[in-house]
file my_file.cif (mmCIF, C-alpha atoms)
data_input
#
loop_
_atom_site.label_atom_id
_atom_site.label_comp_id
_atom_site.auth_asym_id
_atom_site.auth_seq_id
_atom_site.Cartn_x
_atom_site.Cartn_y
_atom_site.Cartn_z
CA MET A 15 86.48 127.67 113.42
CA GLU A 16 84.82 128.67 116.68
CA LYS A 17 85.12 126.06 119.39
CA ILE A 18 81.84 124.40 120.32
CA PRO A 19 81.24 124.45 124.09
CA HIS A 20 80.57 121.08 125.68
CA PRO A 21 76.91 120.74 126.66
CA PRO A 22 76.14 120.52 130.37
CA ASP A 23 75.56 117.08 131.84
CA ASP A 24 71.83 116.96 132.55
CA GLY A 25 71.79 113.34 133.67
CA ARG A 26 69.77 112.06 130.72
CA LYS A 27 72.69 110.18 129.20
CA SER A 28 75.63 108.53 130.88
CA ARG A 29 79.08 109.85 130.04
CA SER A 30 80.15 106.46 128.61
CA ASP A 31 77.12 106.36 126.30
CA GLY A 32 77.93 109.87 125.14
CA VAL A 33 81.54 108.96 124.37
CA GLN A 34 80.44 105.90 122.42
CA SER A 35 77.90 107.89 120.40
CA ARG A 36 80.50 110.51 119.57
CA GLU A 37 83.03 107.84 118.52
CA ARG A 38 80.45 106.11 116.31
CA LEU A 39 79.65 109.41 114.62
CA LEU A 40 83.33 110.16 114.13
CA LEU A 41 84.13 106.75 112.60
CA SER A 42 81.05 106.78 110.37
CA ALA A 43 81.91 110.29 109.21
CA MET A 44 85.50 109.30 108.44
CA ARG A 45 84.34 106.38 106.31
CA LEU A 46 81.63 108.27 104.42
CA PHE A 47 83.67 111.44 103.91
CA ALA A 48 86.57 109.32 102.63
CA GLU A 49 84.31 107.42 100.22
CA GLN A 50 82.12 110.27 98.97
CA GLY A 51 83.77 113.56 99.91
CA PHE A 52 82.45 116.38 102.07
CA ALA A 53 79.92 117.82 99.62
CA LYS A 54 78.22 114.52 98.73
CA THR A 55 77.88 113.24 102.30
CA SER A 56 74.84 114.30 104.30
CA THR A 57 74.57 114.56 108.06
CA ARG A 58 71.48 112.37 107.92
CA GLU A 59 73.49 109.65 106.18
CA ILE A 60 76.22 109.86 108.83
CA ALA A 61 73.75 109.71 111.70
CA LEU A 62 72.03 106.67 110.15
CA ALA A 63 75.36 104.86 109.70
CA ALA A 64 76.30 105.63 113.31
CA GLY A 65 72.97 104.44 114.65
CA THR A 66 72.16 107.76 116.31
CA ASN A 67 69.92 110.74 115.67
CA ILE A 68 70.94 113.69 113.52
CA ALA A 69 70.74 116.09 116.47
CA SER A 70 73.78 114.33 117.96
CA ILE A 71 75.97 115.89 115.28
CA SER A 72 75.02 119.38 116.44
CA TYR A 73 75.36 118.28 120.06
CA TYR A 74 78.94 117.00 119.72
CA PHE A 75 80.38 118.83 116.71
CA GLY A 76 78.26 121.91 116.05
CA ASP A 77 77.58 121.24 112.38
CA LYS A 78 78.73 119.21 109.40
CA ALA A 79 81.89 121.29 108.98
CA GLY A 80 82.79 120.78 112.63
CA LEU A 81 82.31 117.03 112.25
CA TYR A 82 84.50 116.99 109.15
CA ARG A 83 87.25 118.91 110.91
CA ALA A 84 87.13 116.48 113.83
CA ALA A 85 87.24 113.49 111.47
CA PHE A 86 90.25 114.99 109.70
CA THR A 87 92.27 115.97 112.77
CA GLU A 88 91.32 113.85 115.79
CA PRO A 89 92.43 110.31 114.77
CA CYS A 90 96.11 111.36 114.85
CA PRO A 91 96.36 114.05 117.55
CA HIS A 92 99.71 115.75 118.01
CA SER A 93 101.45 118.80 119.41
CA ARG A 94 103.31 120.67 116.67
CA ASP A 95 105.88 122.15 119.06
CA GLU A 96 106.54 118.81 120.77
CA ASP A 97 106.81 117.02 117.42
CA LEU A 98 109.41 119.52 116.16
CA ALA A 99 111.40 119.47 119.38
CA ALA A 100 111.51 115.68 119.32
CA PHE A 101 113.68 115.52 116.19
CA THR A 102 115.35 118.94 115.99
CA ASP A 103 117.19 118.78 119.33
CA PRO A 104 120.85 119.61 118.49
CA ALA A 105 122.01 117.10 121.11
CA LEU A 106 120.61 114.19 119.09
CA THR A 107 122.70 112.18 116.67
CA LEU A 108 121.41 112.02 113.11
CA ARG A 109 120.22 108.45 113.68
CA ASP A 110 118.35 109.28 116.88
CA ALA A 111 116.78 112.36 115.27
CA LEU A 112 115.61 110.29 112.30
CA ARG A 113 114.23 107.66 114.67
CA GLN A 114 112.09 110.34 116.30
CA PHE A 115 111.08 111.80 112.94
CA TYR A 116 110.03 108.51 111.34
CA GLY A 117 108.39 107.37 114.56
CA GLN A 118 105.92 110.25 114.28
CA PHE A 119 104.88 109.05 110.82
CA LEU A 120 104.77 105.34 111.55
CA GLY A 121 103.16 105.40 115.01
CA PRO A 122 99.62 105.86 113.62
CA LEU A 123 100.09 102.85 111.31
CA LYS A 124 100.02 100.66 114.40
CA GLN A 125 96.37 101.68 114.81
CA GLY A 126 95.46 99.39 111.90
CA ASP A 127 92.15 100.11 110.18
CA LEU A 128 91.83 103.52 111.84
CA ALA A 129 95.11 104.67 110.29
CA ARG A 130 94.03 103.38 106.87
CA LEU A 131 90.71 105.19 107.13
CA ALA A 132 92.40 108.42 108.20
CA MET A 133 94.81 108.19 105.28
CA ARG A 134 91.97 107.70 102.81
CA LEU A 135 90.22 110.78 104.20
CA TRP A 136 93.42 112.75 103.68
CA TYR A 137 93.55 111.56 100.07
CA ARG A 138 89.98 112.70 99.56
CA GLU A 139 90.78 116.11 101.06
CA MET A 140 93.75 116.48 98.71
CA LEU A 141 91.57 115.60 95.70
CA GLU A 142 88.58 117.69 96.79
CA PRO A 143 90.00 120.35 99.11
CA THR A 144 87.76 122.10 101.59
CA GLY A 145 90.53 124.27 103.03
CA LEU A 146 91.72 121.88 105.71
CA TRP A 147 94.57 120.56 103.54
CA SER A 148 95.84 124.10 103.00
CA ASP A 149 95.70 124.66 106.75
CA GLU A 150 97.63 121.44 107.29
CA ILE A 151 100.36 122.54 104.87
CA ASN A 152 100.74 125.98 106.41
CA ASN A 153 100.40 125.04 110.07
CA ASP A 154 102.12 121.64 110.21
CA ILE A 155 103.93 120.56 107.04
CA LYS A 156 105.85 123.79 106.39
CA PRO A 157 107.20 124.09 109.96
CA ALA A 158 108.14 120.39 109.94
CA HIS A 159 109.94 120.77 106.59
CA LYS A 160 111.84 123.79 107.91
CA GLY A 161 112.80 121.87 111.06
CA LEU A 162 113.95 118.90 109.00
CA MET A 163 116.12 121.14 106.83
CA THR A 164 117.70 122.62 109.96
CA LEU A 165 118.48 119.10 111.18
CA LEU A 166 119.87 117.94 107.84
CA GLY A 167 121.87 121.13 107.32
CA ARG A 168 123.57 120.56 110.65
CA HIS A 169 124.69 117.07 109.62
CA VAL A 170 125.53 117.92 106.01
CA GLY A 171 127.55 120.94 107.09
CA VAL A 172 125.39 123.63 105.50
CA ALA A 173 124.78 126.77 107.52
CA GLU A 174 122.28 128.33 105.12
CA ALA A 175 119.43 126.36 103.56
CA ASP A 176 119.39 126.08 99.76
CA ASP A 177 117.37 124.26 97.12
CA ASP A 178 119.44 121.09 97.34
CA LEU A 179 118.91 120.91 101.09
CA SER A 180 115.17 121.24 100.49
CA ARG A 181 115.38 118.45 97.90
CA LEU A 182 117.18 116.30 100.46
CA ALA A 183 114.45 116.95 103.03
CA PHE A 184 111.74 115.97 100.54
CA ALA A 185 113.69 112.80 99.70
CA VAL A 186 113.96 111.83 103.38
CA VAL A 187 110.21 112.34 103.82
CA GLY A 188 109.49 110.52 100.57
CA LEU A 189 110.95 107.30 101.95
CA VAL A 190 108.22 107.06 104.59
CA LEU A 191 105.43 108.58 102.49
CA GLN A 192 105.82 105.77 99.96
CA LEU A 193 105.11 103.30 102.74
CA MET A 194 102.00 105.17 103.82
CA VAL A 195 100.62 105.86 100.36
CA ALA A 196 101.29 102.35 99.05
CA ARG A 197 100.11 100.50 102.12
CA ASP A 198 97.39 98.59 100.25
CA VAL A 199 99.94 97.52 97.63
CA ILE A 200 102.40 96.34 100.28
CA GLU A 201 99.68 94.33 102.00
CA GLN A 202 98.96 92.54 98.72
CA ILE A 203 102.59 91.81 97.87
CA SER A 204 104.42 91.43 101.19
CA PRO A 205 101.90 91.67 104.06
CA GLN A 206 104.44 90.46 106.62
CA LEU A 207 106.28 93.76 106.23
CA ILE A 208 103.48 95.75 107.81
CA ASP A 209 101.14 93.42 109.68
CA THR A 210 102.52 93.88 113.22
CA GLY A 211 103.96 96.57 115.42
CA ASP A 212 107.33 94.82 115.37
CA ALA A 213 107.29 94.78 111.56
CA ILE A 214 106.63 98.52 111.49
CA ASP A 215 109.45 99.11 113.99
CA ALA A 216 111.79 97.07 111.80
CA TRP A 217 110.78 99.19 108.79
CA ARG A 218 111.55 102.33 110.78
CA GLU A 219 115.11 101.13 111.39
CA ARG A 220 115.60 100.38 107.69
CA LEU A 221 114.24 103.81 106.76
CA ILE A 222 116.82 105.33 109.08
CA ASP A 223 119.56 103.35 107.29
CA TYR A 224 118.36 104.55 103.89
CA ALA A 225 118.03 108.16 105.05
CA GLU A 226 121.51 108.14 106.54
CA ALA A 227 122.84 106.91 103.22
CA ILE A 228 121.28 109.70 101.17
CA VAL A 229 122.36 112.31 103.72
CA ALA A 230 125.92 110.97 103.43
CA ALA A 231 125.64 111.08 99.63
CA GLU A 232 124.55 114.71 99.72
CA LYS A 233 127.37 115.58 102.11
CA THR A 234 129.88 113.96 99.76
CA ARG A 235 128.38 115.69 96.75
CA ARG A 236 128.99 119.06 98.36
CA ILE A 237 132.72 118.48 98.90
CA PRO A 238 134.57 120.75 96.46
CA LYS A 239 136.26 118.76 93.74
CA LYS A 240 139.93 119.42 93.15
CA SER A 241 140.88 120.48 89.69
CA PRO A 242 143.18 117.93 87.97
CA SER A 243 146.78 119.04 88.08
CA ARG A 244 148.33 119.90 84.74
CA LYS A 245 151.62 118.33 83.77
CA LYS A 246 154.38 120.72 82.99
CA THR A 247 155.50 120.65 79.43
CA ALA A 248 159.19 120.69 78.58
#
call {"tool": "encode", "arguments": {"input": "my_file.cif", "output": "structure tokens"}}
result
Amino acid sequence: MEKIPHPPDDGRKSRSDGVQSRERLLLSAMRLFAEQGFAKTSTREIALAAGTNIASISYYFGDKAGLYRAAFTEPCPHSRDEDLAAFTDPALTLRDALRQFYGQFLGPLKQGDLARLAMRLWYREMLEPTGLWSDEINNDIKPAHKGLMTLLGRHVGVAEADDDLSRLAFAVVGLVLQLMVARDVIEQISPQLIDTGDAIDAWRERLIDYAEAIVAAEKTRRIPKKSPSRKKTA
């Protein structure tokens, strides 16, 4: 999508007011897009919820599609190259690499309601794709999966990736995805496990323990089994 140039400052609106208007539009759009989907949400409805005029959407985001893209990507900004480098560094131990990897997933959860809203918008995009989810898979998820397999292969002792290594990578990711997907369930059953930053940090350390265990199990599984020796008959 073509980048929208920032309008010149003509003095009619203070910079702080402009930032607040843009943030209100972004939050209102996240909520409405998550609840109703892209197609069923109008720009007029978003502007009304944000307490601003509809022209502000064009001013800050270009159009409805630009606003949707911003709502989908801006709450959890990241650098793909920096994210990969953080956990694929060969100098890291498995535990330190996993700490970096899980930290990238769990960091946004410390944002509270914003993280929950962003997650719900992602669910909506998966159910009613506009193309952004496909972009996310190709541009972010696939490279991260490949990087994770490289990391795991190094610690399992596999030089060339295979299907079982890919299964292991999905299993390692699944441990943290369950926490993110089932957040509402966890808050109903054991809210103390997720209600503070310290609780999330504690969960990260347990996830590392669990991941180390399944990596060790896969490494053991790959050790060639010796054939039972046959007793000599008289």
call {"tool": "closest_residue", "arguments": {"input": "my_file.cif", "among": "A:Ala100, A:Leu40, A:Arg58, A:Tyr116", "to": "Leu81 (chain A)", "atoms": "all atoms listed in the file"}}
result
A:Leu40
call {"tool": "resolve_selection", "arguments": {"input": "my_file.cif", "expression": "the PyMOL selection byres ((chain A and resi 134) around 12)", "output": "list of chain:residue names"}}
result
A:Met44, A:Arg45, A:Leu46, A:Phe47, A:Ala48, A:Glu49, A:Gln50, A:Gly51, A:Ala85, A:Phe86, A:Asp127, A:Leu128, A:Ala129, A:Arg130, A:Leu131, A:Ala132, A:Met133, A:Leu135, A:Trp136, A:Tyr137, A:Arg138, A:Glu139, A:Met140, A:Leu141, A:Met194, A:Val195, A:Ala196, A:Arg197, A:Asp198
call {"tool": "resolve_selection", "arguments": {"input": "my_file.cif", "expression": "the PyMOL selection byres ((chain A and resi 180) around 12)", "output": "PyMOL selection string"}}
result
chain A and resi 156+158-167+172+174-179+181-187+229+232
call {"tool": "write_last_selection", "arguments": {"input": "my_file.cif", "atoms": "C-alpha atoms", "output": "PDB file, in the coordinates of the input"}}
result
ATOM      1  CA  LYS A 156     105.850 123.790 106.390  1.00  0.00           C
ATOM      2  CA  ALA A 158     108.140 120.390 109.940  1.00  0.00           C
ATOM      3  CA  HIS A 159     109.940 120.770 106.590  1.00  0.00           C
ATOM      4  CA  LYS A 160     111.840 123.790 107.910  1.00  0.00           C
ATOM      5  CA  GLY A 161     112.800 121.870 111.060  1.00  0.00           C
ATOM      6  CA  LEU A 162     113.950 118.900 109.000  1.00  0.00           C
ATOM      7  CA  MET A 163     116.120 121.140 106.830  1.00  0.00           C
ATOM      8  CA  THR A 164     117.700 122.620 109.960  1.00  0.00           C
ATOM      9  CA  LEU A 165     118.480 119.100 111.180  1.00  0.00           C
ATOM     10  CA  LEU A 166     119.870 117.940 107.840  1.00  0.00           C
ATOM     11  CA  GLY A 167     121.870 121.130 107.320  1.00  0.00           C
ATOM     12  CA  VAL A 172     125.390 123.630 105.500  1.00  0.00           C
ATOM     13  CA  GLU A 174     122.280 128.330 105.120  1.00  0.00           C
ATOM     14  CA  ALA A 175     119.430 126.360 103.560  1.00  0.00           C
ATOM     15  CA  ASP A 176     119.390 126.080  99.760  1.00  0.00           C
ATOM     16  CA  ASP A 177     117.370 124.260  97.120  1.00  0.00           C
ATOM     17  CA  ASP A 178     119.440 121.090  97.340  1.00  0.00           C
ATOM     18  CA  LEU A 179     118.910 120.910 101.090  1.00  0.00           C
ATOM     19  CA  ARG A 181     115.380 118.450  97.900  1.00  0.00           C
ATOM     20  CA  LEU A 182     117.180 116.300 100.460  1.00  0.00           C
ATOM     21  CA  ALA A 183     114.450 116.950 103.030  1.00  0.00           C
ATOM     22  CA  PHE A 184     111.740 115.970 100.540  1.00  0.00           C
ATOM     23  CA  ALA A 185     113.690 112.800  99.700  1.00  0.00           C
ATOM     24  CA  VAL A 186     113.960 111.830 103.380  1.00  0.00           C
ATOM     25  CA  VAL A 187     110.210 112.340 103.820  1.00  0.00           C
ATOM     26  CA  VAL A 229     122.360 112.310 103.720  1.00  0.00           C
ATOM     27  CA  GLU A 232     124.550 114.710  99.720  1.00  0.00           C
TER      28      GLU A 232
END
call {"tool": "residues_near_point", "arguments": {"input": "my_file.cif", "point": "(106.6, 100.1, 112.7)", "cutoff": "10 Å", "atoms": "only C-alpha atoms", "output": "short mmCIF file (atom, residue, chain, number, x, y, z; two decimals) with C-alpha atoms, in the coordinates of the input"}}
result
data_model
loop_
_atom_site.label_atom_id
_atom_site.label_comp_id
_atom_site.auth_asym_id
_atom_site.auth_seq_id
_atom_site.Cartn_x
_atom_site.Cartn_y
_atom_site.Cartn_z
CA TYR A 116 110.03 108.51 111.34
CA GLY A 117 108.39 107.37 114.56
CA PHE A 119 104.88 109.05 110.82
CA LEU A 120 104.77 105.34 111.55
CA GLY A 121 103.16 105.40 115.01
CA PRO A 122 99.62 105.86 113.62
CA LEU A 123 100.09 102.85 111.31
CA LYS A 124 100.02 100.66 114.40
CA LEU A 207 106.28 93.76 106.23
CA ILE A 208 103.48 95.75 107.81
CA ASP A 209 101.14 93.42 109.68
CA THR A 210 102.52 93.88 113.22
CA GLY A 211 103.96 96.57 115.42
CA ASP A 212 107.33 94.82 115.37
CA ALA A 213 107.29 94.78 111.56
CA ILE A 214 106.63 98.52 111.49
CA ASP A 215 109.45 99.11 113.99
CA ALA A 216 111.79 97.07 111.80
CA TRP A 217 110.78 99.19 108.79
CA ARG A 218 111.55 102.33 110.78
CA GLU A 219 115.11 101.13 111.39
#
call {"tool": "atom_distance", "arguments": {"input": "my_file.cif", "atom1": "CA of Ala64 (chain A)", "atom2": "CA of Gln34 (chain A)"}}
result
10.0 Å
call {"tool": "closest_residue", "arguments": {"input": "my_file.cif", "among": "A:Asp154, A:Asp149, A:Glu226, A:Asp110", "to": "Leu98 (chain A)", "atoms": "all atoms listed in the file"}}
result
A:Asp154
call {"tool": "atom_distance", "arguments": {"input": "my_file.cif", "atom1": "CA of Leu221 (chain A)", "atom2": "CA of Trp147 (chain A)"}}
result
26.0 Å
call {"tool": "closest_residue", "arguments": {"input": "my_file.cif", "among": "A:Val33, A:Ala84, A:Ala43, A:Ala111", "to": "His169 (chain A)", "atoms": "all atoms listed in the file"}}
result
A:Ala111
call {"tool": "atom_distance", "arguments": {"input": "my_file.cif", "atom1": "CA of Glu142 (chain A)", "atom2": "CA of Glu201 (chain A)"}}
result
26.4 Å
call {"tool": "closest_residue", "arguments": {"input": "my_file.cif", "among": "A:Phe101, A:Phe75, A:Phe115, A:Tyr224", "to": "Thr57 (chain A)", "atoms": "only C-alpha atoms"}}
result
A:Phe75
call {"tool": "resolve_selection", "arguments": {"input": "my_file.cif", "expression": "the PyMOL selection byres ((chain A and resi 78) around 12)", "output": "VMD selection string"}}
result
chain A and resid 39 to 40 43 47 52 to 61 68 to 77 79 to 85
call {"tool": "build_atoms", "arguments": {"input": "my_file.cif", "residues": "region 203-228 of chain A", "atoms": "N, CA and C atoms", "output": "PDB file, in the coordinates of the input"}}
result
ATOM      1  N   ILE A 203     101.354  92.443  98.340  1.00  0.00           N
ATOM      2  CA  ILE A 203     102.590  91.810  97.870  1.00  0.00           C
ATOM      3  C   ILE A 203     103.387  91.182  99.000  1.00  0.00           C
ATOM      4  N   SER A 204     103.605  91.923 100.072  1.00  0.00           N
ATOM      5  CA  SER A 204     104.420  91.430 101.190  1.00  0.00           C
ATOM      6  C   SER A 204     103.768  91.834 102.512  1.00  0.00           C
ATOM      7  N   PRO A 205     102.638  91.242 102.868  1.00  0.00           N
ATOM      8  CA  PRO A 205     101.900  91.670 104.060  1.00  0.00           C
ATOM      9  C   PRO A 205     102.687  91.558 105.356  1.00  0.00           C
ATOM     10  N   GLN A 206     103.661  90.641 105.401  1.00  0.00           N
ATOM     11  CA  GLN A 206     104.440  90.460 106.620  1.00  0.00           C
ATOM     12  C   GLN A 206     105.285  91.689 106.961  1.00  0.00           C
ATOM     13  N   LEU A 207     105.463  92.575 105.996  1.00  0.00           N
ATOM     14  CA  LEU A 207     106.280  93.760 106.230  1.00  0.00           C
ATOM     15  C   LEU A 207     105.557  94.853 107.011  1.00  0.00           C
ATOM     16  N   ILE A 208     104.254  94.670 107.202  1.00  0.00           N
ATOM     17  CA  ILE A 208     103.480  95.750 107.810  1.00  0.00           C
ATOM     18  C   ILE A 208     102.362  95.266 108.724  1.00  0.00           C
ATOM     19  N   ASP A 209     102.300  93.966 108.982  1.00  0.00           N
ATOM     20  CA  ASP A 209     101.140  93.420 109.680  1.00  0.00           C
ATOM     21  C   ASP A 209     101.238  93.439 111.201  1.00  0.00           C
ATOM     22  N   THR A 210     102.380  93.820 111.762  1.00  0.00           N
ATOM     23  CA  THR A 210     102.520  93.880 113.220  1.00  0.00           C
ATOM     24  C   THR A 210     103.290  95.125 113.622  1.00  0.00           C
ATOM     25  N   GLY A 211     103.194  95.440 114.916  1.00  0.00           N
ATOM     26  CA  GLY A 211     103.960  96.570 115.420  1.00  0.00           C
ATOM     27  C   GLY A 211     105.453  96.359 115.285  1.00  0.00           C
ATOM     28  N   ASP A 212     105.896  95.124 115.514  1.00  0.00           N
ATOM     29  CA  ASP A 212     107.330  94.820 115.370  1.00  0.00           C
ATOM     30  C   ASP A 212     107.788  95.002 113.934  1.00  0.00           C
ATOM     31  N   ALA A 213     106.932  94.629 112.978  1.00  0.00           N
ATOM     32  CA  ALA A 213     107.290  94.780 111.560  1.00  0.00           C
ATOM     33  C   ALA A 213     107.421  96.265 111.204  1.00  0.00           C
ATOM     34  N   ILE A 214     106.554  97.085 111.751  1.00  0.00           N
ATOM     35  CA  ILE A 214     106.630  98.520 111.490  1.00  0.00           C
ATOM     36  C   ILE A 214     107.876  99.118 112.131  1.00  0.00           C
ATOM     37  N   ASP A 215     108.220  98.644 113.332  1.00  0.00           N
ATOM     38  CA  ASP A 215     109.450  99.110 113.990  1.00  0.00           C
ATOM     39  C   ASP A 215     110.681  98.719 113.184  1.00  0.00           C
ATOM     40  N   ALA A 216     110.662  97.520 112.624  1.00  0.00           N
ATOM     41  CA  ALA A 216     111.790  97.070 111.800  1.00  0.00           C
ATOM     42  C   ALA A 216     111.914  97.958 110.554  1.00  0.00           C
ATOM     43  N   TRP A 217     110.762  98.316 109.971  1.00  0.00           N
ATOM     44  CA  TRP A 217     110.780  99.190 108.790  1.00  0.00           C
ATOM     45  C   TRP A 217     111.361 100.556 109.154  1.00  0.00           C
ATOM     46  N   ARG A 218     111.014 101.041 110.341  1.00  0.00           N
ATOM     47  CA  ARG A 218     111.550 102.330 110.780  1.00  0.00           C
ATOM     48  C   ARG A 218     113.079 102.307 110.801  1.00  0.00           C
ATOM     49  N   GLU A 219     113.655 101.223 111.329  1.00  0.00           N
ATOM     50  CA  GLU A 219     115.110 101.130 111.390  1.00  0.00           C
ATOM     51  C   GLU A 219     115.732 101.088 110.001  1.00  0.00           C
ATOM     52  N   ARG A 220     115.075 100.411 109.059  1.00  0.00           N
ATOM     53  CA  ARG A 220     115.600 100.380 107.690  1.00  0.00           C
ATOM     54  C   ARG A 220     115.488 101.759 107.035  1.00  0.00           C
ATOM     55  N   LEU A 221     114.389 102.462 107.297  1.00  0.00           N
ATOM     56  CA  LEU A 221     114.240 103.810 106.760  1.00  0.00           C
ATOM     57  C   LEU A 221     115.354 104.722 107.265  1.00  0.00           C
ATOM     58  N   ILE A 222     115.722 104.542 108.516  1.00  0.00           N
ATOM     59  CA  ILE A 222     116.820 105.330 109.080  1.00  0.00           C
ATOM     60  C   ILE A 222     118.116 105.019 108.327  1.00  0.00           C
ATOM     61  N   ASP A 223     118.362 103.737 108.053  1.00  0.00           N
ATOM     62  CA  ASP A 223     119.560 103.350 107.290  1.00  0.00           C
ATOM     63  C   ASP A 223     119.574 104.035 105.927  1.00  0.00           C
ATOM     64  N   TYR A 224     118.432 103.978 105.238  1.00  0.00           N
ATOM     65  CA  TYR A 224     118.360 104.550 103.890  1.00  0.00           C
ATOM     66  C   TYR A 224     118.551 106.067 103.942  1.00  0.00           C
ATOM     67  N   ALA A 225     117.918 106.710 104.932  1.00  0.00           N
ATOM     68  CA  ALA A 225     118.030 108.160 105.050  1.00  0.00           C
ATOM     69  C   ALA A 225     119.462 108.582 105.365  1.00  0.00           C
ATOM     70  N   GLU A 226     120.107 107.831 106.233  1.00  0.00           N
ATOM     71  CA  GLU A 226     121.510 108.140 106.540  1.00  0.00           C
ATOM     72  C   GLU A 226     122.372 108.050 105.293  1.00  0.00           C
ATOM     73  N   ALA A 227     122.054 107.097 104.443  1.00  0.00           N
ATOM     74  CA  ALA A 227     122.840 106.910 103.220  1.00  0.00           C
ATOM     75  C   ALA A 227     122.672 108.091 102.271  1.00  0.00           C
ATOM     76  N   ILE A 228     121.454 108.584 102.105  1.00  0.00           N
ATOM     77  CA  ILE A 228     121.280 109.700 101.170  1.00  0.00           C
ATOM     78  C   ILE A 228     121.796 111.005 101.766  1.00  0.00           C
TER      79      ILE A 228
END
